[in-house]
Amino acid sequence: MAPLTTLVGVLLACLGTPLFVIICVLALVSFASDGVDLTILFIEMYRLADTPALTAIPLFAFSGFLLAESGAARRLVRISEALLWWLPGGLGIMALTICALLTAFTGASGMTIVAVGGLLLPALLQAGYPEDFSLGLLTTSGSLGLLFPPSIPLIVYGIVSATPVDQLFIAGIAPGVLLVVALSAYTYIVGGGTSARKVREPDNTPMQALREGIWELLLPAVVMTGIYSGFIAVSEAAALSALYVIILEMLVHREITLRQLPGIIRETMVLVGGILMILAAAMAYTSYLIDAEIPASLLELIRGQVESRFVFLILLNLFLLVVGCMIDMFSALVVVVPLILPIAAAYDIHPVHLGIIFLANLEIGYSTPPVGLNLFIASARFERPLLSLYRASLPFLAILLACLLIITYVPALSLFALD
């Protein structure tokens with residue numbers, strides 16, 4: 001029956017069928033072939049409603065969409081310019097930091113490129129940065145914040161793998177900082193070796209810039225302090241962040257009006273609805289895969305070919321990079337994680353460490369030629385040929401891949417807080 005199931009899945013995918021429908025059909029065909037009552041599908045789907053961290057996804061996504069629609073990016077640019085204008089590559093480092101912060105809250109790298117690309121690219125070019133460097137920086141940094149809390153992909157991985165989300169939040173900080181620092185070092189070198197000018201608007205003093213944007217800067221600190229002080233859970237922190245951003249952008253800065261709010265909520269729920277539908281379908285199909293012992297069969301096959309943990313991690317990274325290029329991040333999480341998790345456990349890879357490796361690969365895969373999603377979004381946003389973005393992204397990808405090796409083979413970087 002497996003070949004028929006595979007054929008059905010491929011045929012539906014070729015017809016452009018939504019992923020959650022494909023997964024549901026595969027689950028129905030698979031359960032029916034084993035003579036299992038098909039109500040099991042809906043029972044397994046209902047398990048998603050009992051997931052404690054589930055409500056955090058729409059609330060954090062809503063916070064991110066509000067920030068993207070407001071003038072938060074402009075205020076963060078002014079803060080960075082006021083504080084880093086004297087530093088070689090300061091404007092580029094500022095761009096990296098802003099992209100990482102916004103992506104951490106929106107969980108969608110494409111949104112970051114669209115929201116701040118039009119603001120940052122002209123600023124970089126006007127300051128004298130090479131065009132290829134500027135394009136590569138913004139394209140690759142569009143997904144740079146996916147390891148930072150409260151990243152939605154981290155929450156989704158926690159749900160799919162039954163891993164505590166608060167542990168994943170802590171584990172992602174050091175690897176995320178490594179990626180930002182490595183790219184910042186390269187930006188510092190480029191900024192010092194080009195004609196990039198160190199300029200600052202006369203009225204943009206550090207105190208003035210901080211007065212305007214300090215409340216956005218405090219948001220991650222408020223969320224993380226609440227979670228790790230033990231006062232609130234992850235879902236409650238998500239509700240707090242949504243309330244915080246609503247008050248800030250609607251009442252303090254008054255950049256989001258009541259009339260705009262339904263549209264922002266609708267955009268948020270389209271994204272979140274897709275994630276939840278895929279999650280529900282995947283949970284049902286995962287139960288079948290486990291009952292059919294498919295992960296165990298894959299493990300036996302892989303261990304027969306690969307004995308070394310070192311080699312397995314190399315192959316895992318290569319596989320995940322390809323997945324990151326070809327498949328949407330949330331789809332990859334719900335489809336691939338249940339298959340990889342037991343195999344990685346057999347090679348003594350901690351599930352938290354695996355999650356960081358997984359997301360780091362998908363993050364890099366978004367900007368990897370030939371079909372990384374960020375490349376296409378940046379090409380449309382900046383009106384540049386796709387081939388020029390391939391060329392522009394290569395130096396940044398080389399640095400990110402070197403960091404990926406460190407993240408992969410130095411598990412203490414992710415697990416130091418769990419020891």
# chains A, B, ... in the order shown; residues from 1 in each chain; ligands from 1

call {"tool": "residues_around", "arguments": {"residues": "Val322 (chain A)", "least_positions_apart": "3", "cutoff": "12 Å", "atoms": "only C-alpha atoms", "output": "ChimeraX atom specification"}}
result
/A:315-319,325-329,332,358,361-372

call {"tool": "closest_atom_pairs", "arguments": {"of": "region 99-164 of chain A", "to": "region 233-251 of chain A", "cutoff": "10 Å", "atoms": "only C-alpha atoms", "output": "JSON lines"}}
result
{"residue": "A:Phe105", "atom": "CA", "partner": "A:Ser241", "partner_atom": "CA", "distance": 9.9}
{"residue": "A:Pro150", "atom": "CA", "partner": "A:Ala238", "partner_atom": "CA", "distance": 8.3}
{"residue": "A:Ile155", "atom": "CA", "partner": "A:Val234", "partner_atom": "CA", "distance": 9.4}
{"residue": "A:Pro164", "atom": "CA", "partner": "A:Val234", "partner_atom": "CA", "distance": 9.9}

call {"tool": "write_last_selection", "arguments": {"atoms": "C-alpha atoms", "output": "PDB file, in the first residue's frame"}}
result
ATOM      1  CA  PHE A 105       8.662  38.278  16.352  1.00  0.00           C
ATOM      2  CA  PRO A 150       9.872  34.262  20.772  1.00  0.00           C
ATOM      3  CA  ILE A 155       7.336  27.065  19.261  1.00  0.00           C
ATOM      4  CA  PRO A 164       9.659  22.350  26.373  1.00  0.00           C
TER       5      PRO A 164
END

call {"tool": "residues_around", "arguments": {"residues": "region 268-285 of chain A", "least_positions_apart": "6", "cutoff": "6 Å", "atoms": "only C-alpha atoms", "output": "PDB file with C-alpha atoms, in the first residue's frame"}}
result
ATOM      1  CA  PHE A  20      -2.645  19.999   4.938  1.00  0.00           C
ATOM      2  CA  ILE A  23      -1.278  15.065   4.655  1.00  0.00           C
ATOM      3  CA  CYS A  24      -4.900  14.357   5.620  1.00  0.00           C
ATOM      4  CA  ALA A  27      -3.344   9.696   6.743  1.00  0.00           C
ATOM      5  CA  LEU A  41      -7.793  10.920  12.390  1.00  0.00           C
ATOM      6  CA  GLU A  44      -5.424  12.699  16.809  1.00  0.00           C
ATOM      7  CA  MET A  45      -6.142  16.158  15.388  1.00  0.00           C
ATOM      8  CA  PRO A  58      -1.264  33.552  17.072  1.00  0.00           C
ATOM      9  CA  PHE A  62      -0.034  39.266  15.931  1.00  0.00           C
ATOM     10  CA  VAL A 334       5.708  19.199  10.911  1.00  0.00           C
TER      11      VAL A 334
END

call {"tool": "atom_distance", "arguments": {"atom1": "CA of Ser80 (chain A)", "atom2": "CA of Gly92 (chain A)"}}
result
9.8 Å

call {"tool": "residues_around", "arguments": {"residues": "region 252-262 of chain A", "least_positions_apart": "5", "cutoff": "10 Å", "atoms": "only C-alpha atoms", "output": "PyMOL selection string"}}
result
chain A and resi 66-67+69-72+212-213+215+245-247+267-268

call {"tool": "select_by_dssp", "arguments": {"residues": "region 320-357 of chain A", "states": "alpha helix (DSSP H)", "output": "ChimeraX atom specification"}}
result
/A:320-326,329-346,351-357

call {"tool": "write_last_selection", "arguments": {"atoms": "N, CA and C atoms", "output": "mmCIF file, in the first residue's frame"}}
result
data_model
loop_
_atom_site.group_PDB
_atom_site.id
_atom_site.type_symbol
_atom_site.label_atom_id
_atom_site.label_comp_id
_atom_site.auth_asym_id
_atom_site.auth_seq_id
_atom_site.Cartn_x
_atom_site.Cartn_y
_atom_site.Cartn_z
ATOM 1 N N LEU A 320 18.891 18.773 5.504
ATOM 2 C CA LEU A 320 18.055 19.868 5.981
ATOM 3 C C LEU A 320 18.247 21.134 5.158
ATOM 4 N N LEU A 321 19.450 21.362 4.646
ATOM 5 C CA LEU A 321 19.666 22.510 3.773
ATOM 6 C C LEU A 321 18.823 22.392 2.505
ATOM 7 N N VAL A 322 18.779 21.179 1.956
ATOM 8 C CA VAL A 322 17.955 20.945 0.766
ATOM 9 C C VAL A 322 16.481 21.141 1.108
ATOM 10 N N VAL A 323 16.060 20.620 2.266
ATOM 11 C CA VAL A 323 14.667 20.786 2.707
ATOM 12 C C VAL A 323 14.344 22.270 2.870
ATOM 13 N N GLY A 324 15.295 23.028 3.457
ATOM 14 C CA GLY A 324 15.075 24.455 3.661
ATOM 15 C C GLY A 324 14.926 25.224 2.367
ATOM 16 N N CYS A 325 15.601 24.763 1.322
ATOM 17 C CA CYS A 325 15.465 25.398 0.006
ATOM 18 C C CYS A 325 14.127 25.083 -0.643
ATOM 19 N N MET A 326 13.684 23.845 -0.477
ATOM 20 C CA MET A 326 12.579 23.339 -1.288
ATOM 21 C C MET A 326 11.201 23.478 -0.633
ATOM 22 N N MET A 329 9.123 26.514 5.727
ATOM 23 C CA MET A 329 9.682 26.142 7.026
ATOM 24 C C MET A 329 8.694 25.390 7.912
ATOM 25 N N PHE A 330 7.469 25.876 8.018
ATOM 26 C CA PHE A 330 6.500 25.234 8.904
ATOM 27 C C PHE A 330 6.112 23.848 8.379
ATOM 28 N N SER A 331 6.022 23.720 7.068
ATOM 29 C CA SER A 331 5.740 22.412 6.486
ATOM 30 C C SER A 331 6.874 21.448 6.783
ATOM 31 N N ALA A 332 8.112 21.930 6.643
ATOM 32 C CA ALA A 332 9.274 21.082 6.920
ATOM 33 C C ALA A 332 9.283 20.623 8.377
ATOM 34 N N LEU A 333 8.933 21.527 9.291
ATOM 35 C CA LEU A 333 8.937 21.168 10.711
ATOM 36 C C LEU A 333 7.956 20.047 11.013
ATOM 37 N N VAL A 334 6.721 20.180 10.526
ATOM 38 C CA VAL A 334 5.708 19.199 10.911
ATOM 39 C C VAL A 334 5.851 17.886 10.156
ATOM 40 N N VAL A 335 6.468 17.914 8.977
ATOM 41 C CA VAL A 335 6.600 16.692 8.187
ATOM 42 C C VAL A 335 7.881 15.938 8.521
ATOM 43 N N VAL A 336 8.988 16.658 8.665
ATOM 44 C CA VAL A 336 10.305 16.013 8.776
ATOM 45 C C VAL A 336 10.684 15.699 10.216
ATOM 46 N N VAL A 337 10.341 16.591 11.157
ATOM 47 C CA VAL A 337 10.787 16.400 12.551
ATOM 48 C C VAL A 337 10.370 15.044 13.128
ATOM 49 N N PRO A 338 9.107 14.598 12.975
ATOM 50 C CA PRO A 338 8.737 13.290 13.549
ATOM 51 C C PRO A 338 9.561 12.123 12.997
ATOM 52 N N LEU A 339 10.034 12.243 11.759
ATOM 53 C CA LEU A 339 10.856 11.176 11.182
ATOM 54 C C LEU A 339 12.297 11.240 11.678
ATOM 55 N N ILE A 340 12.813 12.468 11.830
ATOM 56 C CA ILE A 340 14.225 12.654 12.194
ATOM 57 C C ILE A 340 14.462 12.448 13.685
ATOM 58 N N LEU A 341 13.486 12.820 14.512
ATOM 59 C CA LEU A 341 13.688 12.842 15.969
ATOM 60 C C LEU A 341 14.159 11.505 16.543
ATOM 61 N N PRO A 342 13.491 10.387 16.288
ATOM 62 C CA PRO A 342 13.968 9.119 16.863
ATOM 63 C C PRO A 342 15.314 8.675 16.290
ATOM 64 N N ILE A 343 15.579 9.026 15.035
ATOM 65 C CA ILE A 343 16.866 8.662 14.430
ATOM 66 C C ILE A 343 17.987 9.438 15.107
ATOM 67 N N ALA A 344 17.762 10.739 15.319
ATOM 68 C CA ALA A 344 18.775 11.559 15.993
ATOM 69 C C ALA A 344 19.002 11.084 17.419
ATOM 70 N N ALA A 345 17.936 10.670 18.098
ATOM 71 C CA ALA A 345 18.081 10.173 19.468
ATOM 72 C C ALA A 345 18.977 8.944 19.518
ATOM 73 N N ALA A 346 18.900 8.104 18.488
ATOM 74 C CA ALA A 346 19.749 6.909 18.445
ATOM 75 C C ALA A 346 21.224 7.266 18.308
ATOM 76 N N PRO A 351 17.218 16.381 21.853
ATOM 77 C CA PRO A 351 16.143 16.977 21.037
ATOM 78 C C PRO A 351 16.199 18.507 20.976
ATOM 79 N N VAL A 352 16.672 19.144 22.052
ATOM 80 C CA VAL A 352 16.810 20.608 22.024
ATOM 81 C C VAL A 352 17.911 21.007 21.046
ATOM 82 N N HIS A 353 19.043 20.301 21.098
ATOM 83 C CA HIS A 353 20.146 20.567 20.157
ATOM 84 C C HIS A 353 19.701 20.302 18.727
ATOM 85 N N LEU A 354 18.947 19.223 18.534
ATOM 86 C CA LEU A 354 18.440 18.910 17.199
ATOM 87 C C LEU A 354 17.555 20.042 16.689
ATOM 88 N N GLY A 355 16.720 20.605 17.556
ATOM 89 C CA GLY A 355 15.856 21.703 17.138
ATOM 90 C C GLY A 355 16.637 22.909 16.658
ATOM 91 N N ILE A 356 17.727 23.230 17.353
ATOM 92 C CA ILE A 356 18.550 24.377 16.949
ATOM 93 C C ILE A 356 19.255 24.080 15.628
ATOM 94 N N ILE A 357 19.774 22.858 15.477
ATOM 95 C CA ILE A 357 20.390 22.468 14.196
ATOM 96 C C ILE A 357 19.356 22.559 13.072
#

call {"tool": "closest_residue", "arguments": {"among": "A:Phe416, A:Cys14, A:Gly191, A:Val8", "to": "Trp86 (chain A)", "atoms": "only C-alpha atoms"}}
result
A:Gly191

call {"tool": "atom_distance", "arguments": {"atom1": "CA of Tyr129 (chain A)", "atom2": "CA of Gly90 (chain A)"}}
result
11.0 Å

call {"tool": "residues_around", "arguments": {"residues": "region 175-183 of chain A", "least_positions_apart": "5", "cutoff": "7 Å", "atoms": "only C-alpha atoms", "output": "list in words"}}
result
Leu96, Gly145, Leu147, Phe148, Phe396, Ile399, Leu400, Cys403, Ile407, Leu413 and Ser414 of chain A

call {"tool": "write_last_selection", "arguments": {"atoms": "N, CA and C atoms", "output": "compact mmCIF listing (two decimals), in the first residue's frame"}}
result
# COMPACT_ATOMS: atom_id res chain seq x y z
N LEU A 96 21.51 44.28 10.23
CA LEU A 96 21.46 42.88 10.68
C LEU A 96 20.63 42.75 11.96
N GLY A 145 16.68 36.01 12.50
CA GLY A 145 16.20 35.99 13.87
C GLY A 145 15.40 34.76 14.26
N LEU A 147 16.18 31.95 15.37
CA LEU A 147 16.64 31.22 16.56
C LEU A 147 16.39 32.00 17.85
N PHE A 148 15.99 33.25 17.72
CA PHE A 148 15.78 34.08 18.91
C PHE A 148 14.34 33.96 19.40
N PHE A 396 27.96 35.75 2.44
CA PHE A 396 27.20 35.63 3.68
C PHE A 396 26.85 34.17 3.96
N ILE A 399 29.79 32.29 5.47
CA ILE A 399 29.95 32.57 6.91
C ILE A 399 28.90 31.82 7.72
N LEU A 400 27.66 31.83 7.26
CA LEU A 400 26.59 31.14 7.97
C LEU A 400 26.83 29.63 8.02
N CYS A 403 29.35 28.87 10.66
CA CYS A 403 28.70 28.93 11.98
C CYS A 403 27.84 27.70 12.22
N ILE A 407 27.66 25.26 15.47
CA ILE A 407 26.41 24.95 16.17
C ILE A 407 26.20 23.44 16.22
N LEU A 413 26.96 24.89 23.07
CA LEU A 413 26.49 26.22 22.69
C LEU A 413 24.98 26.32 22.84
N SER A 414 24.29 25.23 22.58
CA SER A 414 22.82 25.20 22.69
C SER A 414 22.35 24.70 24.05
